[in-house]
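Student: Dropping a structure here in structure tokens format, bear with me for questions.
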Amino acid sequence: MSFDTLTHRTGTGSTKWDMMQPAFGISPDAGLPMWVADKDFEAPDFLQKAVRGLLDRADYGYFCDTDSFHDAIAWWQETRHGWQIDSDWLFTTHGLGNAISLTIQCFTDPGDHVAILTPVYHEFAAKIGRTERVVTELPLAVCDGVYALDFDAVEARMTGKEKMLLISSPHNPAGRVWTPAELQQMAAFCDRHDLLLVSDEVHGDLVFEGHRFVPTHMAVPGIAPRLIAMSAASKTFSVAGARTGYMVIPDPDLRARFARFFRGFDISPNLLGVTLTRAAYSPEGAAWVDQLMPYLQANRDLFCAGVDEIPGLRAMPMQSTYLAWVDFTATGMDRAEIHARLQDSAGIAATPGHTLGTGGESFMRFNLGTQRARVEEALARLSRAFADLQ
Ligand SMILES: Cc1ncc(COP(=O)(O)O)c(C=O)c1O
């Protein structure tokens with residue numbers, strides 16, 4: 001396969017393509033969907049082969065082989081990130097959104113607060129609200145043009161009702177790869193405020209040259225009694241439709257507490273998710289990611305440099321992920337005007353930054369997980385839509 005091969009996902013039920021019209025009023029025939037964090041590349045051969053194997057067996061009955069699934073997860077985490085996990089620490093969930101909601105419900109009560117470092121993946125706040133907990137926003141600082149921690153500056157926002165800090169590591173949006181020192185600062189903050197640290201590491205495989213993702217448990221082994229980590233193959237391999245994620249709980253007491261809670265939901269791995277994750281977390285999968293990353297990096301370089309040439313627009317340097325974060329402050333335009341230019345003039349569906357919380361108001365998030373030709377087209381459209389600022 002080539003990452004340049006154009007895929008046509010309209011009419012397949014793809015959220016990213018088929019919901020663009022209802023959500024943005026942009027026709028999928030003419031529009032560029034750069035919102036939902038889903039890549040457009042066709043599935044690689046090793047995934048296709050695994051699913052064909054499933055079809056050929058013509059047997060979709062109950063299955064018991066979760067050991068090889070757990071082994072694949074442990075193998076992946078160790079070989080890609082140097083993190084040694086025990087398969088007893090794993091819980092399989094219905095995607096990561098499910099893992100986040102279950103974690104909130106298990107370890108906090110309605111009315112409790114959950115702290116998040118904004119701007120951050122909009123579903124964090126949504127899930128906290130849907131589970132009848134309350135968001136405490138701790139806005140990130142910006143240092144040398146990228147997001148940074150300044151816990152002193154946000155200390156006054158803590159109400160005393162917080163029970164948990166939920167982080168995206170690496171960070172969605174903008175892809176900050178938190179350093180071990182920063183993860184240690186977060187852990188110290190959790191110690192100070194007696195919080196659980198929930199580390200969503202789903203973007204951890206997608207890190208660009210010059211940066212290294214370190215799982216929170218490795219960066220701060222002593223945080224284990226407060227740590228719930230989670231990840232999935234979904235973002236890396238574009239298999240989010242299989243709705244399979246996993247949680248890693250190294251501490252026996254936290255694990256026992258979660259296990260008791262989890263039992264009541266009767267959630268068990270599904271055959272497609274297990275098949276795809278096992279095939280992804282393999283030497284072929286590792287080789288594919290090693291080819292994917294230079295492609296995404298070239299998309300990033302092209303897009304961010306191109307955006308920076310458009311007067312009024314500035315892309316935040318991306319250290320990981322395919323979610324570019326563009327600041328429109330210097331256009332002097334209000335949100336309605338920026339959205340109108342993107343949607344009506346450019347035909348681009350991008351995620352509005354204000355939905356990611358305080359600090360995101362003047363930004364838009366653009367998904368670059370697509371063919372180079374589409375990234376080039378997006379740049380050309382953006383240049384035209386803001387040409388009057390030249
Ligand atoms: C940080 C983060 N966590 C979780 C998710 C969603 O995971 P899932 O599709 O498995 O629910 C996303 C999707 O964009 C994400 O960026």
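In the structure tokens, the first chain shown is A, the next is B, and so on; residue numbers restart at 1 for each chain, and ligands run from 1 in the order shown.
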Neighbours of A:Val375 within 8 Å (only C-alpha atoms; same-chain residues fewer than 5 positions away dropped), as a ChimeraX atom specification?
Tutor: /A:299,303,368,370
Student: Go ahead and dump the residues you just picked, C-alpha atoms, as an mmCIF file, in the first residue's frame.
Tutor:
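Printed below is result28.cif as written:
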data_model
loop_
_atom_site.group_PDB
_atom_site.id
_atom_site.type_symbol
_atom_site.label_atom_id
_atom_site.label_comp_id
_atom_site.auth_asym_id
_atom_site.auth_seq_id
_atom_site.Cartn_x
_atom_site.Cartn_y
_atom_site.Cartn_z
ATOM 1 C CA ASN A 299 2.448 16.141 6.237
ATOM 2 C CA PHE A 303 1.079 21.922 6.631
ATOM 3 C CA LEU A 368 -3.475 15.683 8.899
ATOM 4 C CA THR A 370 -4.705 11.819 5.238
#
Student: Write out as CSV a residue-level contact list of stretch 196-304 of chain A versus stretch 107-110 of chain A with cut-off 12 Å: for each qualifying residue the closest pair of atoms and the distance in Å to one decimal, counting only C-alpha atoms, rows sorted by chain and residue number upward.
Tutor:
residue,atom,partner,partner_atom,distance
A:Leu196,CA,A:Phe107,CA,8.3
A:Leu197,CA,A:Phe107,CA,11.0
A:Val198,CA,A:Phe107,CA,10.5
A:Arg226,CA,A:Phe107,CA,10.7
A:Leu227,CA,A:Phe107,CA,11.4
A:Ile228,CA,A:Phe107,CA,10.3
A:Leu254,CA,A:Phe107,CA,9.1
A:Arg255,CA,A:Phe107,CA,11.1
A:Ala256,CA,A:Phe107,CA,12.0
A:Arg257,CA,A:Phe107,CA,8.5
A:Phe258,CA,A:Phe107,CA,8.0
A:Ala259,CA,A:Phe107,CA,11.7
A:Arg260,CA,A:Phe107,CA,11.6
A:Phe261,CA,A:Phe107,CA,9.4
A:Phe262,CA,A:Phe107,CA,11.4
Student: Quick one: write out the picked residues with N, CA and C atoms as a short mmCIF file (atom, residue, chain, number, x, y, z; two decimals), in the first residue's frame?
Tutor:
data_model
loop_
_atom_site.label_atom_id
_atom_site.label_comp_id
_atom_site.auth_asym_id
_atom_site.auth_seq_id
_atom_site.Cartn_x
_atom_site.Cartn_y
_atom_site.Cartn_z
N LEU A 196 -6.08 10.88 41.89
CA LEU A 196 -5.66 9.79 41.00
C LEU A 196 -5.15 10.42 39.71
N LEU A 197 -4.15 9.80 39.10
CA LEU A 197 -3.65 10.30 37.82
C LEU A 197 -4.09 9.33 36.73
N VAL A 198 -4.94 9.82 35.83
CA VAL A 198 -5.45 8.97 34.74
C VAL A 198 -4.73 9.39 33.47
N ARG A 226 -1.49 5.59 42.52
CA ARG A 226 -2.47 6.59 42.07
C ARG A 226 -2.75 6.50 40.57
N LEU A 227 -2.16 5.53 39.88
CA LEU A 227 -2.14 5.59 38.41
C LEU A 227 -3.10 4.60 37.73
N ILE A 228 -3.89 5.17 36.80
CA ILE A 228 -4.66 4.37 35.86
C ILE A 228 -4.15 4.78 34.48
N LEU A 254 -5.72 -0.64 43.68
CA LEU A 254 -6.56 0.06 42.69
C LEU A 254 -7.19 -0.94 41.73
N ARG A 255 -6.38 -1.94 41.39
CA ARG A 255 -6.85 -2.95 40.43
C ARG A 255 -8.01 -3.76 41.00
N ALA A 256 -7.88 -4.12 42.26
CA ALA A 256 -8.95 -4.92 42.89
C ALA A 256 -10.23 -4.08 42.95
N ARG A 257 -10.07 -2.80 43.26
CA ARG A 257 -11.25 -1.93 43.34
C ARG A 257 -11.90 -1.81 41.96
N PHE A 258 -11.05 -1.62 40.93
CA PHE A 258 -11.62 -1.48 39.59
C PHE A 258 -12.24 -2.81 39.14
N ALA A 259 -11.59 -3.91 39.46
CA ALA A 259 -12.10 -5.23 39.02
C ALA A 259 -13.50 -5.48 39.58
N ARG A 260 -13.72 -5.10 40.83
CA ARG A 260 -15.04 -5.29 41.45
C ARG A 260 -16.10 -4.47 40.71
N PHE A 261 -15.73 -3.25 40.38
CA PHE A 261 -16.65 -2.34 39.68
C PHE A 261 -16.92 -2.85 38.26
N PHE A 262 -15.85 -3.23 37.59
CA PHE A 262 -15.89 -3.60 36.17
C PHE A 262 -16.77 -4.86 35.96
#
Student: Please list as JSON, numbers by chain every residue within 9 Å of A:Thr351, counting only C-alpha atoms and excluding residues in the same chain fewer than 2 positions away.
Tutor: {"A": [34, 35, 36, 349, 353, 354, 355, 356, 363, 364, 365, 366, 367]}
Student: If you keep C-alpha atoms, can you produce a file of those selected residues as a short mmCIF file (atom, residue, chain, number, x, y, z; two decimals), in the first residue's frame?
Tutor:
data_model
loop_
_atom_site.label_atom_id
_atom_site.label_comp_id
_atom_site.auth_asym_id
_atom_site.auth_seq_id
_atom_site.Cartn_x
_atom_site.Cartn_y
_atom_site.Cartn_z
CA MET A 34 -10.18 17.43 8.96
CA TRP A 35 -12.07 16.98 12.21
CA VAL A 36 -12.61 13.44 13.69
CA ALA A 349 -14.42 20.73 8.42
CA GLY A 353 -10.79 25.12 19.43
CA HIS A 354 -13.25 26.52 21.97
CA THR A 355 -14.76 23.02 22.28
CA LEU A 356 -11.44 21.89 23.80
CA PHE A 363 -7.64 27.90 17.60
CA MET A 364 -8.88 25.34 15.10
CA ARG A 365 -7.70 21.71 15.04
CA PHE A 366 -6.88 20.12 11.67
CA ASN A 367 -6.48 16.38 11.16
#
Student: Hey, which of A:Ala156, A:Cys106, A:Ala232, A:Ile223 ends up closest to A:His94? Count only C-alpha atoms.
Tutor: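 Comparing A:Ala156, A:Cys106, A:Ala232, A:Ile223 against A:His94, the winner is A:Ala232.
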Student: So which residues are near ligand 1, meaning at most 9 Å away with only C-alpha atoms and all ligand atoms counted, given back as a compact mmCIF listing (two decimals) with C-alpha atoms, in the first residue's frame?
Tutor:
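Dumped everything to out_29.txt:
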# COMPACT_ATOMS: atom_id res chain seq x y z
CA VAL A 36 -12.61 13.44 13.69
CA ALA A 37 -9.24 11.95 14.75
CA ASP A 38 -9.34 9.09 12.28
CA THR A 93 -12.76 -1.90 27.30
CA HIS A 94 -15.12 -0.80 24.54
CA GLY A 95 -12.64 1.78 23.26
CA LEU A 96 -10.91 4.44 25.31
CA GLY A 97 -13.93 6.67 25.74
CA ASN A 98 -15.48 3.78 27.61
CA ALA A 99 -12.30 3.34 29.69
CA ILE A 100 -12.37 7.02 30.69
CA VAL A 120 -7.58 19.16 25.68
CA TYR A 121 -9.52 16.50 23.74
CA HIS A 122 -13.10 17.77 24.05
CA GLU A 123 -14.52 14.42 25.13
CA PHE A 124 -12.68 14.59 28.47
CA ILE A 167 -4.29 13.80 31.11
CA SER A 168 -3.66 13.13 27.43
CA SER A 169 -0.05 11.94 27.08
CA PRO A 170 0.99 12.83 24.42
CA HIS A 171 -1.37 15.77 24.37
CA ASN A 172 -4.34 16.10 22.03
CA PRO A 173 -4.33 18.73 20.50
CA ASP A 200 -4.62 8.43 28.39
CA GLU A 201 -1.71 7.28 26.22
CA VAL A 202 -3.56 6.50 22.99
CA HIS A 203 -1.34 8.86 20.93
CA MET A 230 -4.91 3.41 29.15
CA SER A 231 -4.20 2.94 25.48
CA ALA A 232 -5.38 1.23 22.30
CA ALA A 233 -4.29 0.34 18.78
CA SER A 234 -7.08 2.54 17.46
CA LYS A 235 -5.29 5.83 16.70
CA VAL A 239 -9.00 0.60 13.84
CA ALA A 240 -11.24 2.74 16.07
CA GLY A 241 -14.33 1.08 14.55
CA ALA A 242 -13.42 -2.13 16.38
CA ARG A 243 -14.08 -0.23 19.65
CA THR A 244 -11.30 -1.90 21.62
CA GLY A 245 -9.07 -0.24 24.20
Student: I need the residues in stretch 225-270 of chain A that are alpha helix (DSSP H) according to DSSP; give them as an mmCIF file with N, CA and C atoms, in the first residue's frame.
Tutor:
data_model
loop_
_atom_site.group_PDB
_atom_site.id
_atom_site.type_symbol
_atom_site.label_atom_id
_atom_site.label_comp_id
_atom_site.auth_asym_id
_atom_site.auth_seq_id
_atom_site.Cartn_x
_atom_site.Cartn_y
_atom_site.Cartn_z
ATOM 1 N N SER A 234 -6.134 1.857 18.340
ATOM 2 C CA SER A 234 -7.084 2.544 17.456
ATOM 3 C C SER A 234 -6.503 3.733 16.704
ATOM 4 N N LYS A 235 -5.800 4.638 17.383
ATOM 5 C CA LYS A 235 -5.286 5.831 16.696
ATOM 6 C C LYS A 235 -4.115 5.458 15.792
ATOM 7 N N THR A 236 -3.260 4.564 16.271
ATOM 8 C CA THR A 236 -2.056 4.220 15.516
ATOM 9 C C THR A 236 -2.410 3.525 14.210
ATOM 10 N N PHE A 237 -3.347 2.572 14.276
ATOM 11 C CA PHE A 237 -3.633 1.722 13.110
ATOM 12 C C PHE A 237 -4.985 2.026 12.471
ATOM 13 N N PRO A 252 -2.021 -3.216 42.923
ATOM 14 C CA PRO A 252 -2.990 -4.276 43.240
ATOM 15 C C PRO A 252 -4.276 -3.765 43.911
ATOM 16 N N ASP A 253 -4.168 -2.744 44.764
ATOM 17 C CA ASP A 253 -5.378 -2.273 45.460
ATOM 18 C C ASP A 253 -6.318 -1.537 44.501
ATOM 19 N N LEU A 254 -5.719 -0.636 43.683
ATOM 20 C CA LEU A 254 -6.558 0.063 42.690
ATOM 21 C C LEU A 254 -7.188 -0.944 41.735
ATOM 22 N N ARG A 255 -6.380 -1.943 41.393
ATOM 23 C CA ARG A 255 -6.847 -2.951 40.429
ATOM 24 C C ARG A 255 -8.012 -3.761 41.003
ATOM 25 N N ALA A 256 -7.877 -4.124 42.258
ATOM 26 C CA ALA A 256 -8.948 -4.920 42.890
ATOM 27 C C ALA A 256 -10.232 -4.081 42.949
ATOM 28 N N ARG A 257 -10.069 -2.803 43.257
ATOM 29 C CA ARG A 257 -11.245 -1.926 43.341
ATOM 30 C C ARG A 257 -11.899 -1.811 41.959
ATOM 31 N N PHE A 258 -11.052 -1.618 40.932
ATOM 32 C CA PHE A 258 -11.624 -1.483 39.594
ATOM 33 C C PHE A 258 -12.245 -2.811 39.143
ATOM 34 N N ALA A 259 -11.594 -3.914 39.464
ATOM 35 C CA ALA A 259 -12.098 -5.232 39.023
ATOM 36 C C ALA A 259 -13.503 -5.477 39.578
ATOM 37 N N ARG A 260 -13.716 -5.103 40.832
ATOM 38 C CA ARG A 260 -15.042 -5.289 41.445
ATOM 39 C C ARG A 260 -16.095 -4.472 40.709
ATOM 40 N N PHE A 261 -15.731 -3.246 40.379
ATOM 41 C CA PHE A 261 -16.652 -2.337 39.681
ATOM 42 C C PHE A 261 -16.925 -2.849 38.260
ATOM 43 N N PHE A 262 -15.847 -3.226 37.592
ATOM 44 C CA PHE A 262 -15.891 -3.604 36.172
ATOM 45 C C PHE A 262 -16.765 -4.855 35.963
ATOM 46 N N ARG A 263 -16.668 -5.783 36.923
ATOM 47 C CA ARG A 263 -17.426 -7.045 36.823
ATOM 48 C C ARG A 263 -18.908 -6.793 36.564
#
Student: What are the DSSP strand (DSSP E) residues of stretch 214-327 of chain A, as a ChimeraX atom specification?
Tutor: /A:227-231,245-248,314-315,323-327
Student: Just to be explicit: take each residue in the selection above, keep N, CA and C atoms, and write the result as a PDB file, in the first residue's frame.
Tutor:
ATOM      1  N   LEU A 227      -2.156   5.529  39.885  1.00  0.00           N
ATOM      2  CA  LEU A 227      -2.142   5.586  38.414  1.00  0.00           C
ATOM      3  C   LEU A 227      -3.100   4.605  37.727  1.00  0.00           C
ATOM      4  N   ILE A 228      -3.887   5.175  36.805  1.00  0.00           N
ATOM      5  CA  ILE A 228      -4.662   4.367  35.863  1.00  0.00           C
ATOM      6  C   ILE A 228      -4.145   4.783  34.480  1.00  0.00           C
ATOM      7  N   ALA A 229      -3.552   3.871  33.731  1.00  0.00           N
ATOM      8  CA  ALA A 229      -3.082   4.201  32.375  1.00  0.00           C
ATOM      9  C   ALA A 229      -4.006   3.501  31.380  1.00  0.00           C
ATOM     10  N   MET A 230      -4.056   4.041  30.168  1.00  0.00           N
ATOM     11  CA  MET A 230      -4.914   3.406  29.154  1.00  0.00           C
ATOM     12  C   MET A 230      -4.374   3.685  27.763  1.00  0.00           C
ATOM     13  N   SER A 231      -4.629   2.750  26.863  1.00  0.00           N
ATOM     14  CA  SER A 231      -4.199   2.943  25.482  1.00  0.00           C
ATOM     15  C   SER A 231      -5.027   2.040  24.567  1.00  0.00           C
ATOM     16  N   GLY A 245     -10.165  -0.923  23.508  1.00  0.00           N
ATOM     17  CA  GLY A 245      -9.070  -0.241  24.202  1.00  0.00           C
ATOM     18  C   GLY A 245      -8.682  -1.076  25.408  1.00  0.00           C
ATOM     19  N   TYR A 246      -7.642  -0.634  26.101  1.00  0.00           N
ATOM     20  CA  TYR A 246      -7.269  -1.388  27.307  1.00  0.00           C
ATOM     21  C   TYR A 246      -6.768  -0.448  28.386  1.00  0.00           C
ATOM     22  N   MET A 247      -7.001  -0.869  29.599  1.00  0.00           N
ATOM     23  CA  MET A 247      -6.527  -0.112  30.757  1.00  0.00           C
ATOM     24  C   MET A 247      -5.415  -0.904  31.415  1.00  0.00           C
ATOM     25  N   VAL A 248      -4.458  -0.187  31.977  1.00  0.00           N
ATOM     26  CA  VAL A 248      -3.339  -0.831  32.663  1.00  0.00           C
ATOM     27  C   VAL A 248      -3.322  -0.274  34.088  1.00  0.00           C
ATOM     28  N   ARG A 314      -1.086  30.801  12.613  1.00  0.00           N
ATOM     29  CA  ARG A 314       0.176  30.250  13.135  1.00  0.00           C
ATOM     30  C   ARG A 314      -0.082  28.862  13.710  1.00  0.00           C
ATOM     31  N   ALA A 315       0.699  27.896  13.215  1.00  0.00           N
ATOM     32  CA  ALA A 315       0.548  26.511  13.701  1.00  0.00           C
ATOM     33  C   ALA A 315       1.467  26.301  14.898  1.00  0.00           C
ATOM     34  N   LEU A 323      -2.727  15.844  14.662  1.00  0.00           N
ATOM     35  CA  LEU A 323      -3.740  16.862  14.939  1.00  0.00           C
ATOM     36  C   LEU A 323      -3.082  18.226  15.074  1.00  0.00           C
ATOM     37  N   ALA A 324      -3.077  18.967  13.953  1.00  0.00           N
ATOM     38  CA  ALA A 324      -2.427  20.281  13.944  1.00  0.00           C
ATOM     39  C   ALA A 324      -3.321  21.286  14.656  1.00  0.00           C
ATOM     40  N   TRP A 325      -2.690  22.231  15.310  1.00  0.00           N
ATOM     41  CA  TRP A 325      -3.409  23.190  16.182  1.00  0.00           C
ATOM     42  C   TRP A 325      -3.009  24.582  15.726  1.00  0.00           C
ATOM     43  N   VAL A 326      -3.972  25.253  15.118  1.00  0.00           N
ATOM     44  CA  VAL A 326      -3.647  26.508  14.427  1.00  0.00           C
ATOM     45  C   VAL A 326      -4.323  27.682  15.137  1.00  0.00           C
ATOM     46  N   ASP A 327      -3.513  28.684  15.439  1.00  0.00           N
ATOM     47  CA  ASP A 327      -3.998  29.880  16.135  1.00  0.00           C
ATOM     48  C   ASP A 327      -4.408  30.942  15.111  1.00  0.00           C
TER      49      ASP A 327
END
